[in-house]
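What follows is the content of query_18.cif, which has mmCIF, C-alpha atoms:
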```
data_data
#
loop_
_atom_site.label_atom_id
_atom_site.label_comp_id
_atom_site.auth_asym_id
_atom_site.auth_seq_id
_atom_site.Cartn_x
_atom_site.Cartn_y
_atom_site.Cartn_z
CA MET A 26 -8.06 -40.23 136.21
CA LEU A 27 -5.60 -42.20 138.30
CA PHE A 28 -1.83 -42.03 137.93
CA LEU A 29 0.02 -45.34 138.36
CA PRO A 30 3.81 -44.95 138.44
CA ALA A 31 5.54 -48.18 137.46
CA ILE A 32 8.34 -50.27 138.86
CA ASP A 33 9.70 -53.16 136.80
CA LEU A 34 11.69 -55.69 138.81
CA MET A 35 14.38 -58.03 137.51
CA GLY A 36 16.76 -59.81 139.84
CA GLY A 37 15.59 -57.56 142.68
CA GLU A 38 16.64 -54.44 140.75
CA VAL A 39 14.53 -51.69 139.25
CA VAL A 40 14.87 -51.80 135.46
CA ARG A 41 13.19 -50.59 132.29
CA LEU A 42 13.10 -52.47 129.00
CA ARG A 43 12.67 -51.03 125.53
CA GLN A 44 9.59 -52.67 123.98
CA GLY A 45 9.87 -55.48 126.54
CA LYS A 46 13.23 -56.73 125.23
CA ALA A 47 15.46 -58.18 127.96
CA ASP A 48 18.61 -57.35 125.99
CA GLN A 49 17.67 -53.64 125.95
CA LYS A 50 17.64 -53.08 129.69
CA THR A 51 18.36 -50.02 131.79
CA VAL A 52 19.14 -50.64 135.48
CA TYR A 53 18.32 -47.85 137.95
CA PRO A 54 20.59 -47.54 140.98
CA ALA A 55 18.33 -46.97 143.99
CA PRO A 56 16.47 -49.72 145.91
CA ALA A 57 12.93 -50.43 144.75
CA LEU A 58 11.38 -49.11 147.95
CA ALA A 59 13.12 -45.75 147.49
CA TYR A 60 11.53 -45.30 144.08
CA ALA A 61 8.17 -46.54 145.37
CA ARG A 62 8.17 -43.96 148.17
CA ARG A 63 9.25 -41.22 145.78
CA TRP A 64 6.36 -41.91 143.39
CA GLN A 65 3.94 -42.07 146.31
CA ASP A 66 5.22 -38.76 147.68
CA GLU A 67 4.87 -37.13 144.26
CA GLY A 68 1.19 -38.05 144.10
CA GLY A 69 0.87 -41.52 142.60
CA ASP A 70 -2.54 -43.06 143.27
CA TRP A 71 -1.41 -46.67 142.84
CA LEU A 72 1.95 -48.33 142.31
CA HIS A 73 2.14 -50.69 139.32
CA ILE A 74 4.79 -53.41 139.67
CA VAL A 75 5.82 -55.91 137.00
CA ASP A 76 7.89 -58.94 138.01
CA LEU A 77 9.80 -59.38 134.76
CA ASP A 78 11.53 -62.56 135.94
CA ALA A 79 8.14 -64.15 136.50
CA ALA A 80 6.81 -62.81 133.20
CA PHE A 81 9.64 -64.43 131.26
CA SER A 82 10.13 -67.63 133.27
CA GLY A 83 7.11 -68.05 135.54
CA VAL A 84 9.42 -68.09 138.59
CA HIS A 85 8.42 -65.53 141.24
CA ALA A 86 11.81 -64.50 142.57
CA ASN A 87 10.90 -60.93 143.57
CA LEU A 88 8.10 -61.47 146.08
CA GLU A 89 10.19 -60.42 149.06
CA THR A 90 11.00 -57.15 147.33
CA VAL A 91 7.28 -56.72 146.61
CA ARG A 92 6.47 -57.42 150.27
CA THR A 93 8.99 -54.77 151.36
CA ILE A 94 7.34 -52.25 149.05
CA THR A 95 3.76 -52.95 150.13
CA LYS A 96 4.74 -52.66 153.80
CA GLY A 97 6.45 -49.33 153.13
CA LEU A 98 3.60 -47.62 151.28
CA VAL A 99 0.15 -46.22 152.02
CA ILE A 100 -1.12 -46.28 148.44
CA PRO A 101 -2.30 -49.62 146.99
CA VAL A 102 -0.02 -51.78 144.86
CA GLU A 103 -0.86 -53.99 141.88
CA LEU A 104 1.45 -56.72 140.62
CA GLY A 105 1.72 -58.36 137.23
CA GLY A 106 4.06 -60.92 135.71
CA GLY A 107 3.67 -64.69 135.74
CA MET A 108 0.19 -64.72 137.28
CA ARG A 109 -0.67 -68.08 135.74
CA SER A 110 -2.04 -70.11 138.67
CA PRO A 111 -4.22 -69.66 141.78
CA GLU A 112 -1.10 -70.27 143.89
CA ALA A 113 0.79 -67.42 142.21
CA ILE A 114 -2.14 -65.07 142.73
CA GLN A 115 -2.52 -66.05 146.38
CA ALA A 116 1.21 -65.59 146.99
CA ALA A 117 1.03 -62.09 145.54
CA LEU A 118 -1.97 -61.17 147.68
CA ASP A 119 -0.19 -62.60 150.72
CA ALA A 120 2.72 -60.28 149.89
CA GLY A 121 0.37 -57.35 150.39
CA VAL A 122 -0.71 -56.35 146.89
CA ALA A 123 -4.25 -55.09 146.45
CA ARG A 124 -4.69 -56.46 142.93
CA VAL A 125 -2.94 -58.81 140.54
CA VAL A 126 -2.70 -58.40 136.78
CA ILE A 127 -3.25 -61.53 134.71
CA GLY A 128 -1.89 -61.42 131.18
CA THR A 129 -0.79 -64.58 129.39
CA ARG A 130 -3.23 -66.94 131.13
CA ALA A 131 -6.17 -64.65 130.43
CA ALA A 132 -5.30 -64.72 126.74
CA GLU A 133 -4.92 -68.50 126.80
CA SER A 134 -7.96 -69.38 128.87
CA ILE A 135 -11.03 -67.27 129.53
CA GLU A 136 -12.28 -70.16 131.68
CA PHE A 137 -9.27 -69.80 133.98
CA LEU A 138 -9.87 -66.05 134.24
CA ALA A 139 -13.52 -66.54 135.11
CA GLU A 140 -12.54 -68.99 137.86
CA MET A 141 -10.02 -66.52 139.31
CA VAL A 142 -12.60 -63.71 139.32
CA LYS A 143 -15.00 -66.00 141.13
CA GLU A 144 -12.37 -67.15 143.64
CA PHE A 145 -10.67 -63.84 144.44
CA GLY A 146 -13.23 -61.19 143.42
CA ARG A 147 -13.43 -58.77 140.51
CA ASP A 148 -11.62 -56.01 142.40
CA ARG A 149 -8.56 -58.18 143.04
CA ILE A 150 -8.15 -59.28 139.44
CA ALA A 151 -7.16 -57.02 136.55
CA VAL A 152 -6.26 -58.20 133.06
CA GLY A 153 -3.30 -56.93 131.12
CA ILE A 154 -3.84 -56.92 127.38
CA ASP A 155 -0.56 -56.28 125.61
CA ALA A 156 -0.81 -55.74 121.88
CA LYS A 157 1.24 -54.96 118.82
CA ASN A 158 -0.55 -53.91 115.65
CA GLY A 159 -3.81 -54.90 117.35
CA LYS A 160 -2.70 -58.48 118.08
CA VAL A 161 -2.20 -59.90 121.58
CA SER A 162 1.34 -60.62 122.81
CA VAL A 163 2.03 -63.07 125.65
CA LYS A 164 4.80 -64.60 127.79
CA GLY A 165 6.64 -61.39 128.53
CA TRP A 166 5.99 -60.15 124.98
CA THR A 167 8.11 -62.96 123.52
CA GLU A 168 5.19 -64.38 121.51
CA THR A 169 2.53 -62.69 119.37
CA SER A 170 -0.75 -64.46 118.70
CA ASP A 171 -3.38 -64.05 115.99
CA GLN A 172 -5.90 -62.99 118.65
CA SER A 173 -7.39 -59.51 118.35
CA ALA A 174 -6.82 -57.36 121.43
CA PHE A 175 -10.32 -55.94 121.14
CA GLU A 176 -12.02 -59.32 120.81
CA LEU A 177 -10.10 -60.53 123.85
CA ALA A 178 -11.19 -57.44 125.76
CA LYS A 179 -14.85 -58.24 125.07
CA ARG A 180 -14.44 -61.78 126.42
CA VAL A 181 -12.49 -60.54 129.44
CA GLU A 182 -15.24 -58.07 130.34
CA GLN A 183 -17.83 -60.85 130.20
CA THR A 184 -16.04 -62.68 133.04
CA GLY A 185 -16.77 -59.76 135.37
CA VAL A 186 -13.25 -58.34 135.49
CA GLY A 187 -13.41 -54.71 136.57
CA THR A 188 -10.18 -53.39 135.07
CA ILE A 189 -8.25 -53.86 131.84
CA ILE A 190 -4.71 -52.54 131.47
CA TYR A 191 -4.04 -51.94 127.79
CA THR A 192 -0.44 -51.72 126.64
CA ASP A 193 0.64 -50.89 123.12
CA ILE A 194 4.01 -52.63 122.91
CA SER A 195 5.24 -50.59 119.97
CA THR A 196 5.21 -47.44 122.12
CA ASP A 197 6.47 -48.92 125.42
CA GLY A 198 9.75 -47.41 126.58
CA MET A 199 10.15 -45.53 123.30
CA MET A 200 9.30 -42.07 124.69
CA GLN A 201 7.23 -41.23 121.59
CA GLY A 202 3.79 -40.88 123.13
CA PRO A 203 0.88 -43.31 123.57
CA ASN A 204 -1.10 -44.84 120.73
CA PHE A 205 -4.21 -42.71 121.22
CA GLN A 206 -6.08 -44.25 118.28
CA GLU A 207 -5.82 -47.79 119.66
CA LEU A 208 -6.73 -46.55 123.14
CA ASP A 209 -9.86 -44.83 121.82
CA GLN A 210 -10.86 -48.09 120.14
CA MET A 211 -10.44 -50.00 123.40
CA LEU A 212 -12.62 -47.50 125.24
CA VAL A 213 -15.34 -47.96 122.63
CA THR A 214 -15.04 -51.75 122.87
CA VAL A 215 -15.59 -52.22 126.62
CA ARG A 216 -17.38 -50.48 129.48
CA CYS A 217 -15.16 -51.69 132.34
CA ASN A 218 -12.30 -49.56 133.67
CA VAL A 219 -9.43 -49.12 131.19
CA ILE A 220 -5.92 -48.12 132.23
CA ALA A 221 -3.53 -46.95 129.51
CA SER A 222 0.06 -48.15 129.49
CA GLY A 223 2.99 -47.52 127.20
CA GLY A 224 4.58 -44.53 125.54
CA VAL A 225 3.86 -41.71 128.00
CA SER A 226 6.81 -39.41 127.40
CA SER A 227 5.81 -35.92 128.48
CA LEU A 228 3.52 -33.91 130.70
CA GLY A 229 1.55 -33.12 127.55
CA ASP A 230 0.88 -36.83 127.01
CA LEU A 231 -0.45 -37.19 130.54
CA GLN A 232 -2.56 -34.06 130.22
CA ARG A 233 -4.09 -35.37 127.01
CA LEU A 234 -4.84 -38.73 128.63
CA THR A 235 -6.40 -37.00 131.63
CA GLN A 236 -8.95 -35.37 129.34
CA ILE A 237 -10.10 -38.59 127.63
CA PRO A 238 -13.63 -39.40 128.82
CA ARG A 239 -13.92 -42.69 130.71
CA LEU A 240 -10.18 -43.40 130.84
CA HIS A 241 -9.68 -44.74 134.36
CA GLY A 242 -5.92 -44.36 134.69
CA ALA A 243 -2.50 -44.17 133.10
CA ILE A 244 0.69 -46.04 133.91
CA VAL A 245 3.90 -44.02 133.69
CA GLY A 246 7.36 -45.57 133.73
CA LYS A 247 10.46 -44.52 131.85
CA ALA A 248 9.49 -40.85 131.64
CA LEU A 249 9.58 -40.61 135.45
CA TYR A 250 12.98 -42.24 135.76
CA ASP A 251 14.42 -40.05 133.01
CA ASN A 252 12.93 -36.95 134.67
CA ALA A 253 10.93 -36.14 131.54
CA ILE A 254 7.83 -35.89 133.76
CA ARG A 255 7.48 -34.72 137.32
CA LEU A 256 4.46 -36.54 138.65
CA HIS A 257 3.34 -33.72 140.92
CA ASP A 258 3.02 -31.47 137.84
CA ALA A 259 0.50 -33.94 136.40
CA VAL A 260 -1.33 -34.05 139.73
CA ASP A 261 -1.50 -30.24 139.77
CA PHE A 262 -2.95 -30.24 136.24
CA ARG A 263 -5.56 -32.82 137.24
CA HIS A 264 -6.64 -30.65 140.18
CA GLN A 265 -7.26 -27.76 137.78
CA LEU A 266 -9.75 -29.69 135.65
#
```
Once you've parsed the file, please lay out its structure as structure tokens.
Amino acid sequence: MLFLPAIDLMGGEVVRLRQGKADQKTVYPAPALAYARRWQDEGGDWLHIVDLDAAFSGVHANLETVRTITKGLVIPVELGGGMRSPEAIQAALDAGVARVVIGTRAAESIEFLAEMVKEFGRDRIAVGIDAKNGKVSVKGWTETSDQSAFELAKRVEQTGVGTIIYTDISTDGMMQGPNFQELDQMLVTVRCNVIASGGVSSLGDLQRLTQIPRLHGAIVGKALYDNAIRLHDAVDFRHQL
């Protein structure tokens, strides 16, 4: 299973939000590249970046920071937030990311997603499905739809997308552990790669995720910044399996 340490960008700074709420923001002091290199050195397999400004407003104001990060790393980088047009996706790829994560637009238009998979390739497009109580949330988690996360996942997989990133909003940034029940349901629903996101709060959480059959990866954010998890400890555990 892959480990994907996370960097959330807002105004060029590294931040974390509680349950995606902009008014519950923690700002971390070091430059983004310093954190990126630290997570790479500790054994991260990919770096997961979210452009929160783009997620909320659609304006991609952090691409230069993203470009600095991709140039400074060896491991691949994926970028999500505001990926709602071919131009936005191309700009992200031009900034050096290996894969973009489409969220809101995938929920709004399966046709758009299918076109992007065809244009850019299944390995360059992942879909982020963010859910609360099983229902899809969009636009930086500011809106919740009536759409079932699992039904959306089925339609997403039919487009040829290779990877789904599943986030349970209720656990994100809360340091209370992932929603394992919902994650198990997602793994039963689709056969494509599934990456878990949200709620990882301890080494025990990561160890439990590592042992779930078919789970492709796990994104870790706040727990790293709060030193609740040392990534190399998780890597050592994975090597023992």
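Closest approach to Ile74 in chain A from the set A:Leu266, A:Val213, A:Ile244, A:Gly187 is made by A:Ile244, with distances taken over all atoms listed in the file.
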Applied to the shown file, which residues does the PyMOL selection byres ((chain A and resi 62-72) around 6) return, written as a tab-separated table (two decimals) with C-alpha atoms, in the coordinates of the input?
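What ended up in expr-v3.tsv:
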```
chain	number	residue	atom	x	y	z
A	27	LEU	CA	-5.60	-42.20	138.30
A	28	PHE	CA	-1.83	-42.03	137.93
A	29	LEU	CA	0.02	-45.34	138.36
A	30	PRO	CA	3.81	-44.95	138.44
A	59	ALA	CA	13.12	-45.75	147.49
A	60	TYR	CA	11.53	-45.30	144.08
A	61	ALA	CA	8.17	-46.54	145.37
A	73	HIS	CA	2.14	-50.69	139.32
A	100	ILE	CA	-1.12	-46.28	148.44
A	101	PRO	CA	-2.30	-49.62	146.99
A	102	VAL	CA	-0.02	-51.78	144.86
A	256	LEU	CA	4.46	-36.54	138.65
A	257	HIS	CA	3.34	-33.72	140.92
```
*For the atom pair CA of Thr188 in chain A and CA of Val219 in chain A, what is the interatomic distance in Å to one decimal place?*
5.8 Å
*Residue IDs satisfying the PyMOL selection byres ((chain A and resi 129) around 10), as a VMD selection string*: chain A and resid 80 106 to 109 126 to 128 130 to 134 152 to 155 161 to 166 168
*Could you tell me how far CA of Lys160 in chain A lies from CA of Ala221 in chain A, in Å and to one decimal?*
16.3 Å
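Atom pair CA of Ile190 in chain A / CA of Asp48 in chain A: separated by 24.4 Å.
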*Residues at most 7 Å from Asn87 in chain A, counting all atoms listed in the file, excluding those fewer than 4 positions away in the same chain, as a PyMOL selection string?*
chain A and resi 37+76+91
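Closest to Gln115 in chain A among A:Val75, A:Ile150, A:Leu212, A:Leu240 is A:Ile150, based on all atoms listed in the file.
When only C-alpha atoms are used to compute distances to Ser222 in chain A, the closest of the residues A:Ala31, A:Phe175, A:Tyr250, A:Ala120 turns out to be A:Ala31.
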*Using the chain letters and numbering of this document, enumerate as an MDAnalysis selection string the residues selected by the PyMOL selection byres ((chain A and resi 239) around 12).*
chainID A and resid 26:27 208:209 211:213 215:221 234:238 240:243
Reconstruct N, CA and C atoms of range 98-110 of chain A; output as a CSV table (one decimal), in the coordinates of the input.
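Listing of selection-v4.csv after writing:
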```
chain,number,residue,atom,x,y,z
A,98,LEU,N,4.4,-48.6,151.9
A,98,LEU,CA,3.6,-47.6,151.3
A,98,LEU,C,2.2,-47.5,151.9
A,99,VAL,N,1.6,-46.4,151.6
A,99,VAL,CA,0.2,-46.2,152.0
A,99,VAL,C,-0.7,-46.5,150.8
A,100,ILE,N,-0.3,-46.1,149.6
A,100,ILE,CA,-1.1,-46.3,148.4
A,100,ILE,C,-1.2,-47.8,148.1
A,101,PRO,N,-2.2,-48.2,147.4
A,101,PRO,CA,-2.3,-49.6,147.0
A,101,PRO,C,-1.3,-50.0,145.9
A,102,VAL,N,-1.0,-51.3,145.8
A,102,VAL,CA,0.0,-51.8,144.9
A,102,VAL,C,-0.7,-52.9,144.0
A,103,GLU,N,-0.5,-52.9,142.7
A,103,GLU,CA,-0.9,-54.0,141.9
A,103,GLU,C,0.4,-54.6,141.3
A,104,LEU,N,0.3,-56.0,141.1
A,104,LEU,CA,1.4,-56.7,140.6
A,104,LEU,C,1.1,-57.6,139.4
A,105,GLY,N,1.9,-57.5,138.4
A,105,GLY,CA,1.7,-58.4,137.2
A,105,GLY,C,3.0,-59.1,136.9
A,106,GLY,N,2.9,-60.1,136.1
A,106,GLY,CA,4.1,-60.9,135.7
A,106,GLY,C,3.9,-62.3,136.2
A,107,GLY,N,3.7,-63.3,135.3
A,107,GLY,CA,3.7,-64.7,135.7
A,107,GLY,C,2.5,-65.1,136.6
A,108,MET,N,1.4,-64.4,136.5
A,108,MET,CA,0.2,-64.7,137.3
A,108,MET,C,-0.6,-65.8,136.5
A,109,ARG,N,-0.1,-67.0,136.6
A,109,ARG,CA,-0.7,-68.1,135.7
A,109,ARG,C,-1.3,-69.2,136.5
A,110,SER,N,-1.4,-69.1,137.8
A,110,SER,CA,-2.0,-70.1,138.7
A,110,SER,C,-2.7,-69.5,139.9
```
